[in-house]
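Engineer: Dropping in coords-v1.cif, with mmCIF, C-alpha atoms.
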```
data_model
loop_
_atom_site.label_atom_id
_atom_site.label_comp_id
_atom_site.auth_asym_id
_atom_site.auth_seq_id
_atom_site.Cartn_x
_atom_site.Cartn_y
_atom_site.Cartn_z
CA MET A 1 -8.00 -22.10 8.48
CA HIS A 2 -5.56 -19.63 7.05
CA TYR A 3 -6.86 -16.93 4.80
CA GLY A 4 -3.89 -16.42 2.54
CA ASP A 5 -1.84 -13.43 3.53
CA PRO A 6 -4.32 -10.59 3.81
CA VAL A 7 -1.70 -7.98 4.64
CA ILE A 8 -0.09 -8.26 1.22
CA ARG A 9 -3.37 -8.43 -0.67
CA LYS A 10 -4.62 -5.34 1.12
CA SER A 11 -1.56 -3.25 0.35
CA VAL A 12 -1.16 -4.20 -3.32
CA PRO A 13 -3.95 -1.83 -4.50
CA LEU A 14 -2.36 0.98 -2.47
CA ALA A 15 0.98 0.30 -4.10
CA LEU A 16 -0.67 0.44 -7.51
CA GLY A 17 -2.13 3.82 -6.58
CA LEU A 18 1.28 5.09 -5.52
CA VAL A 19 3.12 3.86 -8.58
CA SER A 20 1.02 5.95 -10.94
CA ALA A 21 -0.53 8.75 -8.93
CA SER A 22 -2.52 11.15 -11.12
CA ASN A 23 -1.67 9.02 -14.15
CA PRO A 24 -4.70 6.96 -15.18
CA GLN A 25 -3.28 4.37 -17.57
CA LEU A 26 -5.71 1.79 -18.87
CA PRO A 27 -3.92 -1.36 -17.61
CA ILE A 28 -3.78 0.01 -14.07
CA LEU A 29 -7.42 1.03 -14.15
CA ASP A 30 -8.35 -2.46 -15.30
CA ILE A 31 -6.40 -4.10 -12.47
CA LEU A 32 -7.86 -1.77 -9.84
CA SER A 33 -11.34 -2.25 -11.21
CA LYS A 34 -10.86 -5.99 -10.77
CA TYR A 35 -9.71 -5.59 -7.15
CA SER A 36 -12.53 -3.19 -6.35
CA HIS A 37 -14.96 -6.11 -6.71
CA ASP A 38 -12.91 -8.36 -4.41
CA ASN A 39 -14.66 -10.52 -1.82
CA ASP A 40 -12.41 -9.15 0.90
CA LEU A 41 -13.93 -5.75 1.66
CA ALA A 42 -10.64 -4.33 2.91
CA VAL A 43 -9.04 -5.06 -0.47
CA ALA A 44 -12.00 -3.52 -2.30
CA LEU A 45 -11.86 -0.44 -0.08
CA ASN A 46 -8.18 0.11 -0.74
CA ALA A 47 -8.66 -0.50 -4.46
CA ILE A 48 -11.39 2.12 -4.65
CA PHE A 49 -9.19 4.63 -2.86
CA ALA A 50 -6.32 3.74 -5.20
CA MET A 51 -8.63 4.45 -8.15
CA GLY A 52 -9.08 7.91 -6.68
CA LEU A 53 -5.31 8.35 -6.35
CA VAL A 54 -4.60 7.16 -9.87
CA GLY A 55 -7.14 9.56 -11.34
CA ALA A 56 -6.65 12.40 -8.87
CA GLY A 57 -7.31 15.73 -10.55
CA THR A 58 -7.51 14.30 -14.08
CA ASN A 59 -11.25 14.47 -14.73
CA ASN A 60 -10.84 11.10 -16.47
CA ALA A 61 -14.25 10.30 -17.97
CA ARG A 62 -13.71 6.55 -18.06
CA LEU A 63 -12.67 6.45 -14.41
CA ALA A 64 -15.60 8.64 -13.42
CA GLN A 65 -17.92 6.20 -15.17
CA MET A 66 -16.30 3.26 -13.34
CA LEU A 67 -16.80 5.00 -10.01
CA ARG A 68 -20.44 5.73 -10.77
CA GLN A 69 -20.95 2.03 -11.46
CA LEU A 70 -19.16 1.17 -8.21
CA ALA A 71 -21.43 3.53 -6.30
CA GLY A 72 -24.38 1.53 -7.60
CA TYR A 73 -22.67 -1.78 -6.86
CA TYR A 74 -21.86 -0.86 -3.24
CA HIS A 75 -25.08 0.93 -2.35
CA LYS A 76 -25.57 -1.48 0.57
CA GLU A 77 -22.00 -1.22 1.91
CA PRO A 78 -21.68 2.17 3.62
CA ASP A 79 -17.88 1.97 4.08
CA CYS A 80 -17.28 1.20 0.42
CA LEU A 81 -19.77 3.82 -0.68
CA PHE A 82 -17.98 6.44 1.41
CA MET A 83 -14.73 5.52 -0.25
CA VAL A 84 -16.31 5.69 -3.70
CA ARG A 85 -17.48 9.22 -2.94
CA ILE A 86 -13.99 10.18 -1.79
CA ALA A 87 -12.51 8.72 -4.96
CA GLN A 88 -15.02 10.64 -7.06
CA GLY A 89 -14.01 13.81 -5.27
CA LEU A 90 -10.34 13.07 -5.91
CA VAL A 91 -10.94 12.49 -9.62
CA HIS A 92 -12.64 15.87 -10.06
CA MET A 93 -10.22 17.59 -7.67
CA GLY A 94 -9.75 21.25 -8.58
CA LYS A 95 -11.87 20.69 -11.70
CA GLY A 96 -8.83 19.15 -13.35
CA THR A 97 -6.37 21.94 -12.56
CA ILE A 98 -4.30 20.15 -9.89
CA GLY A 99 -2.76 16.72 -9.49
CA ILE A 100 -0.88 14.68 -6.89
CA ASN A 101 2.01 13.47 -9.02
CA PRO A 102 5.16 14.14 -6.95
CA PHE A 103 7.42 14.46 -10.01
CA TYR A 104 8.42 17.51 -12.02
CA LEU A 105 9.88 17.68 -15.54
CA ASP A 106 9.20 14.18 -16.84
CA ARG A 107 10.25 12.47 -13.61
CA ALA A 108 13.55 14.37 -13.43
CA ILE A 109 12.85 16.03 -10.08
CA LEU A 110 11.13 14.46 -7.10
CA ASN A 111 9.18 16.61 -4.67
CA LYS A 112 9.96 15.07 -1.28
CA PRO A 113 7.12 16.63 0.73
CA ALA A 114 4.68 15.38 -1.91
CA VAL A 115 6.00 11.83 -1.57
CA ALA A 116 5.87 12.09 2.21
CA GLY A 117 2.24 13.17 2.03
CA LEU A 118 1.29 10.28 -0.24
CA LEU A 119 3.20 7.81 1.90
CA ALA A 120 1.61 9.02 5.12
CA THR A 121 -1.86 8.62 3.64
CA LEU A 122 -1.10 5.14 2.36
CA THR A 123 0.42 4.21 5.71
CA ALA A 124 -2.88 5.04 7.37
CA PHE A 125 -4.66 2.78 4.89
CA THR A 126 -2.38 -0.23 5.50
CA ASP A 127 -4.19 -0.63 8.81
CA ALA A 128 -7.75 0.22 7.84
CA LYS A 129 -9.17 -1.63 10.84
CA ALA A 130 -7.40 0.60 13.34
CA CYS A 131 -8.16 3.61 11.20
CA LYS A 132 -11.90 2.89 11.20
CA CYS A 133 -12.64 5.33 8.42
CA SER A 134 -16.36 5.54 8.85
CA ASP A 135 -16.11 6.17 12.60
CA VAL A 136 -13.43 8.81 12.68
CA ILE A 137 -13.16 10.56 9.34
CA PHE A 138 -16.81 10.52 8.44
CA ASP A 139 -18.18 11.44 11.84
CA ASP A 140 -21.00 13.81 11.04
CA GLY A 141 -21.40 14.94 14.64
CA LEU A 142 -25.05 13.90 14.66
CA THR A 143 -24.83 10.24 15.60
CA PRO A 144 -23.90 9.70 19.27
CA THR A 145 -20.49 8.03 19.67
CA SER A 146 -20.04 5.19 22.13
CA PRO A 147 -18.12 6.15 25.31
CA MET B 1 3.62 4.21 16.32
CA PRO B 2 4.54 7.51 14.65
CA SER B 3 8.29 7.54 15.27
CA PRO B 4 9.35 4.91 12.67
CA LYS B 5 7.46 6.78 9.98
CA LEU B 6 9.15 9.97 11.04
CA ILE B 7 12.56 8.38 10.70
CA GLY B 8 11.49 7.07 7.31
CA HIS B 9 10.33 10.44 6.10
CA LEU B 10 13.43 12.18 7.38
CA SER B 11 15.63 9.92 5.34
CA THR B 12 13.79 10.50 2.06
CA GLY B 13 16.22 10.61 -0.83
CA VAL B 14 19.36 10.06 1.23
CA GLN B 15 20.42 7.00 -0.81
CA ALA B 16 23.74 5.34 -0.08
CA SER B 17 25.33 8.16 1.86
CA ASP B 18 27.07 7.81 5.20
CA SER B 19 24.01 8.82 7.16
CA TYR B 20 21.98 6.07 5.48
CA ASP B 21 24.53 3.37 6.29
CA ALA B 22 24.86 4.57 9.87
CA THR B 23 21.08 4.60 10.38
CA VAL B 24 20.61 1.12 8.95
CA GLU B 25 23.43 -0.32 11.02
CA THR B 26 21.98 1.22 14.17
CA LEU B 27 18.54 -0.18 13.39
CA LYS B 28 19.96 -3.65 12.81
CA ALA B 29 21.21 -3.63 16.40
CA ILE B 30 17.69 -3.18 17.81
CA PRO B 31 16.28 -6.57 18.86
CA HIS B 32 12.62 -5.48 18.85
CA GLN B 33 10.21 -6.70 16.13
CA ALA B 34 9.55 -3.17 14.92
CA SER B 35 13.20 -2.89 13.90
CA LYS B 36 12.49 -4.76 10.68
CA LEU B 37 9.60 -2.45 9.81
CA ILE B 38 11.70 0.65 10.42
CA GLN B 39 14.55 -0.75 8.37
CA ILE B 40 12.20 -1.25 5.44
CA LEU B 41 10.77 2.25 5.84
CA VAL B 42 14.19 3.87 5.91
CA GLU B 43 15.34 1.81 2.95
CA MET B 44 12.31 2.62 0.81
CA CYS B 45 12.39 6.31 1.67
CA ALA B 46 16.12 6.57 1.03
CA PHE B 47 15.73 5.04 -2.42
CA ALA B 48 12.40 6.68 -3.28
CA GLY B 49 11.98 7.14 -7.01
CA THR B 50 15.42 5.81 -7.93
CA GLY B 51 14.26 2.64 -9.64
CA ASN B 52 17.01 0.69 -7.87
CA VAL B 53 16.46 -2.94 -8.88
CA LEU B 54 18.41 -4.39 -5.96
CA ARG B 55 16.14 -2.62 -3.46
CA VAL B 56 13.05 -3.88 -5.25
CA GLN B 57 14.44 -7.40 -5.03
CA THR B 58 15.07 -7.01 -1.31
CA MET B 59 11.50 -5.82 -0.79
CA LEU B 60 10.12 -8.75 -2.78
CA GLN B 61 12.18 -11.07 -0.61
CA GLN B 62 10.59 -9.56 2.49
CA CYS B 63 7.12 -10.14 1.05
CA GLY B 64 7.79 -13.80 0.32
CA GLU B 65 9.63 -14.67 3.49
CA HIS B 66 6.74 -14.90 5.94
CA LEU B 67 4.52 -16.99 3.67
CA ASN B 68 6.88 -19.95 3.73
CA ALA B 69 7.03 -19.92 7.51
CA LYS B 70 3.23 -20.06 7.66
CA ASP B 71 3.13 -22.98 5.22
CA ALA B 72 5.59 -24.93 7.35
CA THR B 73 3.44 -24.52 10.46
CA ALA B 74 0.31 -25.51 8.55
CA ASP B 75 1.98 -28.79 7.64
CA SER B 76 2.89 -29.67 11.23
CA GLU B 77 -0.19 -28.74 13.17
CA GLN B 78 0.56 -30.87 16.26
CA ASP B 79 2.70 -28.20 17.83
CA ASN B 80 0.08 -25.75 19.05
CA ASP B 81 2.41 -23.58 21.11
CA LYS B 82 4.67 -23.04 18.18
CA LYS B 83 1.70 -22.05 16.07
CA LYS B 84 0.57 -19.49 18.60
CA ALA B 85 4.03 -18.01 18.78
CA ASP B 86 4.02 -17.72 15.01
CA LYS B 87 0.66 -16.02 14.94
CA LYS B 88 1.93 -13.32 17.25
CA GLN B 89 4.63 -12.38 14.78
CA ASP B 90 3.87 -8.93 13.41
CA ASP B 91 3.46 -8.91 9.64
CA THR B 92 2.91 -5.19 9.16
CA PHE B 93 6.36 -4.93 7.64
CA GLN B 94 5.10 -6.81 4.61
CA ALA B 95 2.56 -4.10 3.88
CA PHE B 96 5.37 -1.59 3.89
CA ALA B 97 7.54 -3.83 1.75
CA VAL B 98 4.79 -3.84 -0.89
CA LEU B 99 4.49 -0.06 -0.72
CA GLY B 100 8.29 0.11 -0.84
CA ILE B 101 8.38 -1.67 -4.18
CA SER B 102 6.14 0.95 -5.73
CA LEU B 103 7.91 3.83 -4.01
CA VAL B 104 11.27 2.75 -5.39
CA ALA B 105 9.89 1.83 -8.81
CA MET B 106 7.78 4.95 -9.37
CA GLY B 107 10.80 6.89 -10.64
CA GLU B 108 10.81 5.50 -14.17
CA ASP B 109 8.31 4.23 -16.72
CA ILE B 110 9.77 0.79 -17.37
CA GLY B 111 10.34 0.08 -13.71
CA ALA B 112 6.78 1.05 -12.89
CA GLU B 113 5.50 -1.24 -15.61
CA MET B 114 7.62 -4.11 -14.35
CA SER B 115 6.39 -3.58 -10.81
CA LEU B 116 2.79 -4.09 -11.98
CA ARG B 117 3.68 -7.63 -12.94
CA GLN B 118 5.30 -8.24 -9.58
CA PHE B 119 2.16 -7.03 -7.80
CA ASN B 120 0.12 -9.46 -9.83
CA HIS B 121 2.41 -12.27 -8.68
CA LEU B 122 2.19 -11.10 -5.07
CA VAL B 123 -1.60 -11.29 -5.07
CA ARG B 124 -1.54 -14.74 -6.61
CA THR B 125 0.99 -16.12 -4.14
CA ALA B 126 -0.98 -14.55 -1.30
CA LEU B 127 -4.00 -16.53 -2.46
CA LEU B 128 -2.20 -19.88 -2.67
CA PRO B 129 -2.42 -21.01 0.99
CA MET B 130 -6.14 -20.29 0.95
CA LEU B 131 -6.69 -22.43 -2.14
CA ARG B 132 -4.74 -25.33 -0.61
CA ASN B 133 -7.00 -25.52 2.46
#
```
Could you take the file, read its structure, and then write that structure out as structure tokens?
Structural biologist:
Amino acid sequence: MHYGDPVIRKSVPLALGLVSASNPQLPILDILSKYSHDNDLAVALNAIFAMGLVGAGTNNARLAQMLRQLAGYYHKEPDCLFMVRIAQGLVHMGKGTIGINPFYLDRAILNKPAVAGLLATLTAFTDAKACKCSDVIFDDGLTPTSP
Amino acid sequence: MPSPKLIGHLSTGVQASDSYDATVETLKAIPHQASKLIQILVEMCAFAGTGNVLRVQTMLQQCGEHLNAKDATADSEQDNDKKKADKKQDDTFQAFAVLGISLVAMGEDIGAEMSLRQFNHLVRTALLPMLRN
């Protein structure tokens, strides 16, 4: 049985995060909040990360509240919970003094290295299986890794 | 596979200059599957933040293309070999096509807003084959 086209579904939340990085508009937050409760965990994971991107460095109270709720919702899914924590960190990044929007002067000038950085991160998330977030990024050095 | 991304990042903001055309033409000549992925990467990086509608349309076309092929094989399930060959086909390029839409559209407010609607459509069409089964 085919399961739709998971590749596209997985990358749509990431695209939403890219299209309004550090710009938490209500419609986008609503869409991402919907995807963050998706049955497919990979979609939910990407949506949670995208929520972090959209609110990065904004201290957005509404988004912070959403993420707190998500942390409660995913308390039994370690991978999702990790991502919620990362998103929470992104939202309060620099206590609201820095952002990740690659544009200057009302979108007149584009900072290329900033775009490259965003794109590289999102590229890693298009293949979350190979990335294995919880194994590589969150290795605490205490649990023994398999040979 | 780091090299395609490198090429993509190098060509950020090049747009329709000579170097862009030359790169795309060279990539078209490569018979390997990854060629398509690299072409999309170069295209989306070259037009990053421009809001070029034609590029967005091309990306959308890439996203829709593979779905139809899958539907056709689902209808004729007798041919198992053909199905296996289809399964092997790499669909990573579609992920990049989706990212490409947002990368091109992020340059202006209206374009970004319009892209939201397209993403909504993409998710719905991606669900369709699952609902049919």
Engineer: Between B:Gln57, B:Gln118, B:Thr50, B:Gln94, single out the one closest to chain A, counting only C-alpha atoms.
Structural biologist: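 Nearest candidate to chain A out of B:Gln57, B:Gln118, B:Thr50, B:Gln94: B:Gln94.
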Engineer: Find the residues of chain A in contact range of chain B, meaning any atom within 9 Å when counting all atoms listed in the file, and list them as a PyMOL selection string.
Structural biologist: chain A and resi 1-20+28+31+103+107-108+110+112-113+115-116+119-120+122-123+126-127
Engineer: Have a look at CA of Glu43 (chain B) and CA of Thr58 (chain B) and let me know their distance in Å, one decimal.
Structural biologist: 9.8 Å
Engineer: Which residues, named as in the file, does the PyMOL selection byres ((chain A and resi 81-94) around 9) pick out? Answer as a PyMOL selection string.
Structural biologist: chain A and resi 22+45-46+48-60+63-64+67-68+70-80+95-99+133-134+138
Engineer: For the residues in that selection, give me C-alpha atoms as a PDB file, in the frame of the given file.
Structural biologist:
```pdb
ATOM      1  CA  SER A  22      -2.520  11.150 -11.120  1.00  0.00           C
ATOM      2  CA  LEU A  45     -11.860  -0.440  -0.080  1.00  0.00           C
ATOM      3  CA  ASN A  46      -8.180   0.110  -0.740  1.00  0.00           C
ATOM      4  CA  ILE A  48     -11.390   2.120  -4.650  1.00  0.00           C
ATOM      5  CA  PHE A  49      -9.190   4.630  -2.860  1.00  0.00           C
ATOM      6  CA  ALA A  50      -6.320   3.740  -5.200  1.00  0.00           C
ATOM      7  CA  MET A  51      -8.630   4.450  -8.150  1.00  0.00           C
ATOM      8  CA  GLY A  52      -9.080   7.910  -6.680  1.00  0.00           C
ATOM      9  CA  LEU A  53      -5.310   8.350  -6.350  1.00  0.00           C
ATOM     10  CA  VAL A  54      -4.600   7.160  -9.870  1.00  0.00           C
ATOM     11  CA  GLY A  55      -7.140   9.560 -11.340  1.00  0.00           C
ATOM     12  CA  ALA A  56      -6.650  12.400  -8.870  1.00  0.00           C
ATOM     13  CA  GLY A  57      -7.310  15.730 -10.550  1.00  0.00           C
ATOM     14  CA  THR A  58      -7.510  14.300 -14.080  1.00  0.00           C
ATOM     15  CA  ASN A  59     -11.250  14.470 -14.730  1.00  0.00           C
ATOM     16  CA  ASN A  60     -10.840  11.100 -16.470  1.00  0.00           C
ATOM     17  CA  LEU A  63     -12.670   6.450 -14.410  1.00  0.00           C
ATOM     18  CA  ALA A  64     -15.600   8.640 -13.420  1.00  0.00           C
ATOM     19  CA  LEU A  67     -16.800   5.000 -10.010  1.00  0.00           C
ATOM     20  CA  ARG A  68     -20.440   5.730 -10.770  1.00  0.00           C
ATOM     21  CA  LEU A  70     -19.160   1.170  -8.210  1.00  0.00           C
ATOM     22  CA  ALA A  71     -21.430   3.530  -6.300  1.00  0.00           C
ATOM     23  CA  GLY A  72     -24.380   1.530  -7.600  1.00  0.00           C
ATOM     24  CA  TYR A  73     -22.670  -1.780  -6.860  1.00  0.00           C
ATOM     25  CA  TYR A  74     -21.860  -0.860  -3.240  1.00  0.00           C
ATOM     26  CA  HIS A  75     -25.080   0.930  -2.350  1.00  0.00           C
ATOM     27  CA  LYS A  76     -25.570  -1.480   0.570  1.00  0.00           C
ATOM     28  CA  GLU A  77     -22.000  -1.220   1.910  1.00  0.00           C
ATOM     29  CA  PRO A  78     -21.680   2.170   3.620  1.00  0.00           C
ATOM     30  CA  ASP A  79     -17.880   1.970   4.080  1.00  0.00           C
ATOM     31  CA  CYS A  80     -17.280   1.200   0.420  1.00  0.00           C
ATOM     32  CA  LYS A  95     -11.870  20.690 -11.700  1.00  0.00           C
ATOM     33  CA  GLY A  96      -8.830  19.150 -13.350  1.00  0.00           C
ATOM     34  CA  THR A  97      -6.370  21.940 -12.560  1.00  0.00           C
ATOM     35  CA  ILE A  98      -4.300  20.150  -9.890  1.00  0.00           C
ATOM     36  CA  GLY A  99      -2.760  16.720  -9.490  1.00  0.00           C
ATOM     37  CA  CYS A 133     -12.640   5.330   8.420  1.00  0.00           C
ATOM     38  CA  SER A 134     -16.360   5.540   8.850  1.00  0.00           C
ATOM     39  CA  PHE A 138     -16.810  10.520   8.440  1.00  0.00           C
TER      40      PHE A 138
END
```
Engineer: One decimal, in Å: what's the spacing between CA of Asp90 (chain B) and CA of His32 (chain B)?
Structural biologist: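 Distance between the two atoms: 10.9 Å.
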Engineer: Using CA of Gln39 (chain B) and CA of Asn52 (chain B) as the two end points, give the distance in Å to one decimal.
Structural biologist: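 One can read the CA of Gln39 (chain B) to CA of Asn52 (chain B) distance as 16.5 Å.
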Engineer: Under the rule that all atoms listed in the file are counted, which of B:Ile30, B:Leu60, B:Ala46, B:Leu41 is the nearest residue to His121 (chain B)?
Structural biologist: B:Leu60
